[in-house]
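This is entry-v2.cif. It holds mmCIF, C-alpha atoms and all ligand atoms.
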data_final
#
loop_
_atom_site.label_atom_id
_atom_site.label_comp_id
_atom_site.auth_asym_id
_atom_site.auth_seq_id
_atom_site.Cartn_x
_atom_site.Cartn_y
_atom_site.Cartn_z
CA MET Q 959 31.85 -13.13 39.12
CA ASN Q 960 35.48 -12.61 38.18
CA ILE Q 961 38.03 -15.19 37.02
CA VAL Q 962 41.67 -14.35 36.36
CA ILE Q 963 43.89 -16.38 34.08
CA ILE Q 964 47.58 -16.59 34.90
CA SER Q 965 49.64 -17.02 31.75
CA ALA Q 966 52.82 -18.45 33.22
CA SER Q 967 55.29 -18.72 30.38
CA VAL Q 968 57.69 -15.80 29.98
CA ARG Q 969 59.60 -17.53 27.18
CA THR Q 970 60.31 -15.59 23.98
CA GLY Q 971 58.15 -17.19 21.30
CA ARG Q 972 55.97 -18.94 23.85
CA ASN Q 973 52.89 -20.83 22.73
CA SER Q 974 50.96 -21.57 25.92
CA ASN Q 975 49.65 -18.00 25.95
CA ARG Q 976 47.40 -19.17 23.08
CA VAL Q 977 45.56 -21.33 25.59
CA ALA Q 978 45.22 -18.41 28.04
CA THR Q 979 43.74 -16.35 25.18
CA PHE Q 980 41.34 -19.18 24.38
CA PHE Q 981 40.07 -19.27 27.99
CA LYS Q 982 39.59 -15.49 28.03
CA ASN Q 983 37.68 -15.54 24.74
CA TYR Q 984 35.53 -18.49 25.83
CA ILE Q 985 34.63 -17.01 29.22
CA GLU Q 986 33.72 -13.67 27.64
CA ALA Q 987 31.78 -15.15 24.70
CA ASN Q 988 29.68 -17.26 27.06
CA ASN Q 989 29.13 -14.48 29.63
CA ILE Q 990 30.53 -16.68 32.39
CA ALA Q 991 32.44 -14.00 34.27
CA SER Q 992 34.50 -10.88 33.88
CA THR Q 993 38.02 -11.98 33.16
CA GLU Q 994 41.54 -10.89 32.37
CA ILE Q 995 44.89 -12.49 31.71
CA LEU Q 996 47.59 -11.86 34.31
CA ASP Q 997 50.51 -12.23 31.94
CA LEU Q 998 53.78 -12.99 33.74
CA GLN Q 999 55.69 -12.08 30.59
CA GLN Q 1000 54.21 -8.57 30.76
CA TYR Q 1001 54.72 -8.21 34.51
CA GLN Q 1002 58.44 -8.97 34.17
CA PHE Q 1003 58.76 -9.62 37.89
CA PRO Q 1004 62.25 -10.00 39.35
CA ILE Q 1005 63.00 -13.15 41.33
CA PHE Q 1006 61.47 -12.07 44.64
CA ASP Q 1007 63.82 -12.07 47.61
CA GLU Q 1008 60.95 -12.31 50.09
CA ARG Q 1009 57.23 -12.91 50.24
CA LEU Q 1010 55.11 -9.84 49.59
CA LYS Q 1011 53.88 -9.37 53.16
CA PHE Q 1012 57.50 -9.18 54.37
CA GLN Q 1013 58.78 -6.89 51.62
CA LYS Q 1014 59.67 -3.38 52.81
CA ASN Q 1015 58.99 -1.55 49.55
CA PRO Q 1016 56.99 -3.75 47.21
CA SER Q 1017 56.54 -2.44 43.69
CA PRO Q 1018 53.09 -1.15 42.68
CA THR Q 1019 52.79 -3.93 40.09
CA THR Q 1020 53.51 -6.58 42.71
CA ILE Q 1021 50.81 -5.12 44.96
CA GLU Q 1022 48.42 -4.92 42.01
CA PHE Q 1023 49.07 -8.56 41.08
CA ALA Q 1024 48.46 -9.69 44.66
CA GLN Q 1025 45.28 -7.63 44.87
CA LYS Q 1026 43.95 -9.23 41.71
CA ILE Q 1027 44.52 -12.73 43.10
CA LYS Q 1028 43.00 -11.75 46.44
CA SER Q 1029 39.85 -10.20 45.01
CA THR Q 1030 39.08 -12.67 42.23
CA ASP Q 1031 36.56 -15.48 42.67
CA GLY Q 1032 38.65 -18.03 40.83
CA VAL Q 1033 41.95 -18.54 39.04
CA ILE Q 1034 42.89 -20.51 35.95
CA ILE Q 1035 46.60 -21.23 35.71
CA VAL Q 1036 47.97 -21.96 32.24
CA THR Q 1037 51.40 -23.46 32.66
CA PRO Q 1038 53.88 -24.94 30.21
CA GLU Q 1039 55.71 -28.14 31.05
CA CYS Q 1040 59.39 -27.38 31.45
CA ASN Q 1041 61.50 -30.48 31.99
CA GLY Q 1042 58.65 -32.19 33.75
CA GLY Q 1043 57.91 -29.28 36.10
CA TYR Q 1044 56.41 -25.83 36.05
CA PRO Q 1045 58.51 -22.78 35.16
CA ALA Q 1046 60.41 -20.59 37.62
CA SER Q 1047 58.23 -17.63 36.65
CA LEU Q 1048 55.23 -19.41 38.14
CA LYS Q 1049 57.01 -20.66 41.26
CA ASN Q 1050 58.13 -17.06 41.81
CA VAL Q 1051 54.54 -15.82 42.14
CA VAL Q 1052 53.23 -18.89 43.96
CA ASP Q 1053 55.80 -18.30 46.69
CA LEU Q 1054 55.19 -14.53 46.68
CA LEU Q 1055 51.73 -14.77 48.21
CA ILE Q 1056 50.33 -16.46 51.30
CA ASP Q 1057 46.84 -15.42 52.41
CA GLU Q 1058 45.81 -14.60 48.84
CA TRP Q 1059 45.95 -18.32 47.92
CA LYS Q 1060 44.00 -19.60 50.92
CA LYS Q 1061 40.75 -21.31 49.88
CA LYS Q 1062 41.12 -19.80 46.40
CA PRO Q 1063 39.40 -21.95 43.77
CA ILE Q 1064 42.02 -22.76 41.12
CA ALA Q 1065 41.91 -24.81 37.93
CA ILE Q 1066 45.11 -25.82 36.15
CA SER Q 1067 45.68 -26.17 32.42
CA THR Q 1068 48.99 -27.76 31.41
CA VAL Q 1069 50.52 -27.19 28.00
CA SER Q 1070 53.27 -28.90 26.06
CA ALA Q 1071 54.85 -29.09 22.65
CA GLY Q 1072 54.88 -32.86 23.00
CA ALA Q 1073 52.14 -35.47 22.89
CA PHE Q 1074 51.33 -35.71 26.61
CA GLY Q 1075 49.89 -32.26 27.28
CA GLY Q 1076 52.19 -31.37 30.14
CA THR Q 1077 50.59 -33.93 32.43
CA GLN Q 1078 53.83 -34.35 34.40
CA VAL Q 1079 53.52 -30.76 35.68
CA ILE Q 1080 50.24 -31.27 37.40
CA THR Q 1081 51.33 -33.09 40.56
CA SER Q 1082 54.09 -30.65 41.54
CA LEU Q 1083 51.92 -27.60 40.94
CA GLN Q 1084 48.88 -29.09 42.68
CA PHE Q 1085 51.08 -30.01 45.63
CA SER Q 1086 52.56 -26.50 46.00
CA LEU Q 1087 49.12 -24.90 45.82
CA TRP Q 1088 47.72 -27.46 48.23
CA LYS Q 1089 50.51 -26.51 50.67
CA MET Q 1090 49.33 -22.90 50.30
CA GLN Q 1091 45.81 -24.08 51.19
CA ALA Q 1092 44.44 -23.16 47.81
CA TRP Q 1093 41.41 -25.07 46.60
CA VAL Q 1094 42.64 -26.76 43.44
CA VAL Q 1095 39.85 -28.50 41.54
CA PRO Q 1096 40.62 -32.00 40.20
CA ALA Q 1097 39.55 -31.19 36.63
CA MET Q 1098 42.42 -31.01 34.15
CA PHE Q 1099 42.83 -29.33 30.80
CA PRO Q 1100 45.99 -30.77 29.23
CA VAL Q 1101 46.96 -29.34 25.85
CA PRO Q 1102 49.35 -31.49 23.77
CA LYS Q 1103 51.10 -30.21 20.64
CA VAL Q 1104 49.97 -26.69 21.45
CA SER Q 1105 51.09 -25.00 18.26
CA GLU Q 1106 48.95 -27.47 16.26
CA SER Q 1107 46.01 -27.32 18.68
CA PHE Q 1108 45.56 -23.52 18.90
CA ASN Q 1109 46.46 -20.62 16.62
CA ASP Q 1110 47.97 -17.42 17.98
CA GLN Q 1111 44.53 -15.88 18.41
CA GLY Q 1112 43.60 -18.72 20.74
CA ILE Q 1113 41.30 -20.40 18.25
CA PRO Q 1114 41.33 -24.20 18.63
CA THR Q 1115 41.81 -26.44 15.62
CA ASP Q 1116 39.16 -28.82 16.99
CA LYS Q 1117 36.57 -26.22 18.07
CA GLU Q 1118 33.80 -28.65 18.95
CA GLY Q 1119 35.96 -31.09 20.91
CA THR Q 1120 37.82 -28.33 22.73
CA GLU Q 1121 34.64 -26.52 23.76
CA LYS Q 1122 33.21 -29.75 25.14
CA ARG Q 1123 36.34 -30.26 27.22
CA VAL Q 1124 36.50 -26.67 28.40
CA LYS Q 1125 32.90 -26.77 29.58
CA SER Q 1126 33.47 -29.67 31.97
CA PHE Q 1127 36.77 -28.13 33.10
CA LEU Q 1128 35.18 -24.76 33.87
CA ASP Q 1129 32.09 -26.35 35.44
CA GLU Q 1130 34.29 -27.74 38.21
CA LEU Q 1131 35.87 -24.35 38.83
CA LEU Q 1132 32.43 -22.70 38.87
CA TRP Q 1133 31.19 -25.34 41.30
CA ALA Q 1134 34.07 -24.59 43.67
CA ILE Q 1135 33.44 -20.85 43.38
CA GLU Q 1136 29.75 -21.35 44.19
CA ALA Q 1137 30.54 -23.71 47.08
CA LYS Q 1138 32.94 -21.17 48.57
CA LYS Q 1139 30.35 -18.40 48.25
CA ARG Q 1140 27.77 -20.50 50.07
CA MET Q 1141 30.23 -21.30 52.86
CA THR Q 1142 31.15 -17.66 53.39
CA SER Q 1143 27.75 -16.01 52.96
C1 LIG B 1201 63.11 -25.24 29.41
C2 LIG B 1201 62.04 -25.99 28.67
C3 LIG B 1201 61.74 -27.28 29.00
C4 LIG B 1201 60.76 -27.99 28.32
N1 LIG B 1201 60.43 -29.24 28.72
C5 LIG B 1201 59.41 -29.91 28.12
C6 LIG B 1201 59.00 -31.18 28.58
O1 LIG B 1201 59.52 -31.70 29.55
N2 LIG B 1201 58.00 -31.80 27.92
C7 LIG B 1201 57.35 -31.23 26.84
O2 LIG B 1201 56.44 -31.83 26.28
N3 LIG B 1201 57.70 -30.00 26.41
C8 LIG B 1201 58.71 -29.33 27.01
N4 LIG B 1201 59.07 -28.07 26.58
C9 LIG B 1201 58.36 -27.48 25.47
C10 LIG B 1201 57.14 -26.70 25.96
O3 LIG B 1201 56.17 -27.59 26.41
C11 LIG B 1201 56.63 -25.83 24.82
O4 LIG B 1201 57.49 -24.73 24.67
C12 LIG B 1201 55.17 -25.43 24.92
O5 LIG B 1201 54.88 -24.63 23.80
C13 LIG B 1201 54.70 -24.70 26.17
O6 LIG B 1201 55.59 -23.71 26.62
P1 LIG B 1201 55.67 -22.20 26.06
O7 LIG B 1201 54.43 -21.48 26.44
O8 LIG B 1201 56.86 -21.61 26.75
O9 LIG B 1201 55.80 -22.29 24.58
C14 LIG B 1201 60.06 -27.36 27.24
C15 LIG B 1201 60.37 -26.05 26.91
C16 LIG B 1201 61.33 -25.36 27.61
C17 LIG B 1201 61.60 -23.93 27.26
#

Show me the file's structure as structure tokens.
Ligand SMILES: Cc1cc2nc3c(=O)[nH]c(=O)nc-3n(C[C@H](O)[C@H](O)[C@H](O)COP(=O)(O)O)c2cc1C
Amino acid sequence: MNIVIISASVRTGRNSNRVATFFKNYIEANNIASTEILDLQQYQFPIFDERLKFQKNPSPTTIEFAQKIKSTDGVIIVTPECNGGYPASLKNVVDLLIDEWKKKPIAISTVSAGAFGGTQVITSLQFSLWKMQAWVVPAMFPVPKVSESFNDQGIPTDKEGTEKRVKSFLDELLWAIEAKKRMTS
């Protein structure tokens, strides 16, 4: 099984990447799946002027990104809350793809500097992915006060509580991955 983690913030000095690192470490330490972070800050994509399938000369990194979404069993999206929504960097790649999102099991983790864990992001992102026919699981993993909750190695301050929460979050994603496999086998 493979799960990719999209780290959506491209902001200099970002903190939500700590949560993406935490997911990667947790998935690897518990032998849940092979995994990697698709880091939008590293990709440095331009604002796309068309969806990938209509681009005349897509860049190799764009093709590689799309291939990784297409071939993975499941996706975790770690998104910051930016003025109550999700950042342009994430919308850019959501709108880039079409077939790659269809029936893709996706779990969303929202991150904020404030006390509410980015919960205002969830509806707009769920709705966009739903329009793309992705299979977004209802489980949530909101992270409030991120710089106090995780260090820059992705280690949570409250290890026990966080691992309890992450288990039930990932269980829903794993359920959706298994359900999809049974429907397509
Ligand atoms: C443009 C912008 C808008 C933001 N809006 C909110 C917000 O509405 N609510 C909130 O709690 N935090 C907000 N933040 C703070 C982020 O939640 C904070 O930076 C957090 O660490 C996650 O984003 P990061 O990975 O870019 O650091 C905002 C940050 C930026 C850059």

With 12 Å as the threshold, what does the neighbourhood of (30.0, -20.1, 48.3) contain in terms of residues, counting only C-alpha atoms? Coordinates are those of the file; answer as a list in words.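 Those within range, by chain then number, are Met959, Asp1031, Gly1032, Lys1061, Lys1062, Pro1063, Leu1131, Leu1132, Trp1133, Ala1134, Ile1135, Glu1136, Ala1137, Lys1138, Lys1139, Arg1140, Met1141, Thr1142 and Ser1143 of chain Q.
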
Would you list the residues that come within 6 Å of ligand LIG 1201 (chain B)? Count all atoms listed in the file and give the answer as JSON, numbers by chain. {"Q": [967, 969, 972, 973, 974, 975, 1038, 1039, 1040, 1041, 1042, 1069, 1070, 1071, 1072, 1076, 1104]}

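In this structure, CA of Glu1106 in chain Q sits 17.5 Å away from CA of Thr1077 in chain Q.
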
For Glu994 in chain Q, list every protein, DNA or RNA residue within 8 Å, evaluated using only C-alpha atoms, and leave out those in the same chain fewer than 5 positions away; present the list as a list in words. Ile961, Val962, Ile963 and Lys982 of chain Q

Since we have the selection now, will you write its residues out, keeping C-alpha atoms, as a tab-separated table (two decimals), in the coordinates of the input?
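Listed below is the output, selection_26.tsv:
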chain	number	residue	atom	x	y	z
Q	961	ILE	CA	38.03	-15.19	37.02
Q	962	VAL	CA	41.67	-14.35	36.36
Q	963	ILE	CA	43.89	-16.38	34.08
Q	982	LYS	CA	39.59	-15.49	28.03

What is the distance, in Å and to one decimal place, between CA of Lys1014 in chain Q and CA of Gln999 in chain Q?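 Separation between CA of Lys1014 in chain Q and CA of Gln999 in chain Q: 24.2 Å.
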
Could you give me range 1026-1049 of chain Q completed to N, CA and C atoms, formatted as an mmCIF file, keeping the file's coordinate frame?
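For reference, out.cif as written:
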data_model
loop_
_atom_site.group_PDB
_atom_site.id
_atom_site.type_symbol
_atom_site.label_atom_id
_atom_site.label_comp_id
_atom_site.auth_asym_id
_atom_site.auth_seq_id
_atom_site.Cartn_x
_atom_site.Cartn_y
_atom_site.Cartn_z
ATOM 1 N N LYS Q 1026 44.795 -8.548 42.698
ATOM 2 C CA LYS Q 1026 43.950 -9.230 41.710
ATOM 3 C C LYS Q 1026 43.698 -10.683 42.099
ATOM 4 N N ILE Q 1027 44.712 -11.339 42.637
ATOM 5 C CA ILE Q 1027 44.520 -12.730 43.100
ATOM 6 C C ILE Q 1027 43.595 -12.733 44.322
ATOM 7 N N LYS Q 1028 43.806 -11.787 45.209
ATOM 8 C CA LYS Q 1028 43.000 -11.750 46.440
ATOM 9 C C LYS Q 1028 41.517 -11.509 46.132
ATOM 10 N N SER Q 1029 41.244 -10.604 45.210
ATOM 11 C CA SER Q 1029 39.850 -10.200 45.010
ATOM 12 C C SER Q 1029 39.088 -11.076 44.000
ATOM 13 N N THR Q 1030 39.797 -11.880 43.237
ATOM 14 C CA THR Q 1030 39.080 -12.670 42.230
ATOM 15 C C THR Q 1030 38.348 -13.859 42.863
ATOM 16 N N ASP Q 1031 37.297 -14.312 42.171
ATOM 17 C CA ASP Q 1031 36.560 -15.480 42.670
ATOM 18 C C ASP Q 1031 37.269 -16.783 42.335
ATOM 19 N N GLY Q 1032 37.986 -16.795 41.223
ATOM 20 C CA GLY Q 1032 38.650 -18.030 40.830
ATOM 21 C C GLY Q 1032 39.816 -17.754 39.888
ATOM 22 N N VAL Q 1033 40.726 -18.708 39.834
ATOM 23 C CA VAL Q 1033 41.950 -18.540 39.040
ATOM 24 C C VAL Q 1033 42.101 -19.746 38.108
ATOM 25 N N ILE Q 1034 42.439 -19.456 36.862
ATOM 26 C CA ILE Q 1034 42.890 -20.510 35.950
ATOM 27 C C ILE Q 1034 44.381 -20.289 35.747
ATOM 28 N N ILE Q 1035 45.164 -21.329 35.968
ATOM 29 C CA ILE Q 1035 46.600 -21.230 35.710
ATOM 30 C C ILE Q 1035 46.910 -21.998 34.426
ATOM 31 N N VAL Q 1036 47.510 -21.303 33.471
ATOM 32 C CA VAL Q 1036 47.970 -21.960 32.240
ATOM 33 C C VAL Q 1036 49.484 -22.061 32.343
ATOM 34 N N THR Q 1037 49.946 -23.289 32.472
ATOM 35 C CA THR Q 1037 51.400 -23.460 32.660
ATOM 36 C C THR Q 1037 52.009 -24.378 31.600
ATOM 37 N N PRO Q 1038 53.168 -24.004 31.085
ATOM 38 C CA PRO Q 1038 53.880 -24.940 30.210
ATOM 39 C C PRO Q 1038 54.559 -26.017 31.052
ATOM 40 N N GLU Q 1039 54.852 -27.126 30.404
ATOM 41 C CA GLU Q 1039 55.710 -28.140 31.050
ATOM 42 C C GLU Q 1039 57.142 -27.836 30.676
ATOM 43 N N CYS Q 1040 57.967 -27.626 31.684
ATOM 44 C CA CYS Q 1040 59.390 -27.380 31.450
ATOM 45 C C CYS Q 1040 60.185 -28.453 32.172
ATOM 46 N N ASN Q 1041 60.731 -29.374 31.420
ATOM 47 C CA ASN Q 1041 61.500 -30.480 31.990
ATOM 48 C C ASN Q 1041 60.726 -31.188 33.108
ATOM 49 N N GLY Q 1042 59.477 -31.428 32.823
ATOM 50 C CA GLY Q 1042 58.650 -32.190 33.750
ATOM 51 C C GLY Q 1042 58.116 -31.390 34.926
ATOM 52 N N GLY Q 1043 58.404 -30.096 34.989
ATOM 53 C CA GLY Q 1043 57.910 -29.280 36.100
ATOM 54 C C GLY Q 1043 57.279 -28.002 35.568
ATOM 55 N N TYR Q 1044 56.961 -27.103 36.491
ATOM 56 C CA TYR Q 1044 56.410 -25.830 36.050
ATOM 57 C C TYR Q 1044 57.511 -24.762 36.109
ATOM 58 N N PRO Q 1045 57.377 -23.684 35.323
ATOM 59 C CA PRO Q 1045 58.510 -22.780 35.160
ATOM 60 C C PRO Q 1045 58.769 -21.906 36.392
ATOM 61 N N ALA Q 1046 59.985 -21.426 36.497
ATOM 62 C CA ALA Q 1046 60.410 -20.590 37.620
ATOM 63 C C ALA Q 1046 59.543 -19.342 37.749
ATOM 64 N N SER Q 1047 59.087 -18.825 36.616
ATOM 65 C CA SER Q 1047 58.230 -17.630 36.650
ATOM 66 C C SER Q 1047 56.970 -17.877 37.471
ATOM 67 N N LEU Q 1048 56.458 -19.084 37.401
ATOM 68 C CA LEU Q 1048 55.230 -19.410 38.140
ATOM 69 C C LEU Q 1048 55.535 -19.678 39.610
ATOM 70 N N LYS Q 1049 56.611 -20.398 39.872
ATOM 71 C CA LYS Q 1049 57.010 -20.660 41.260
ATOM 72 C C LYS Q 1049 57.261 -19.337 41.987
#
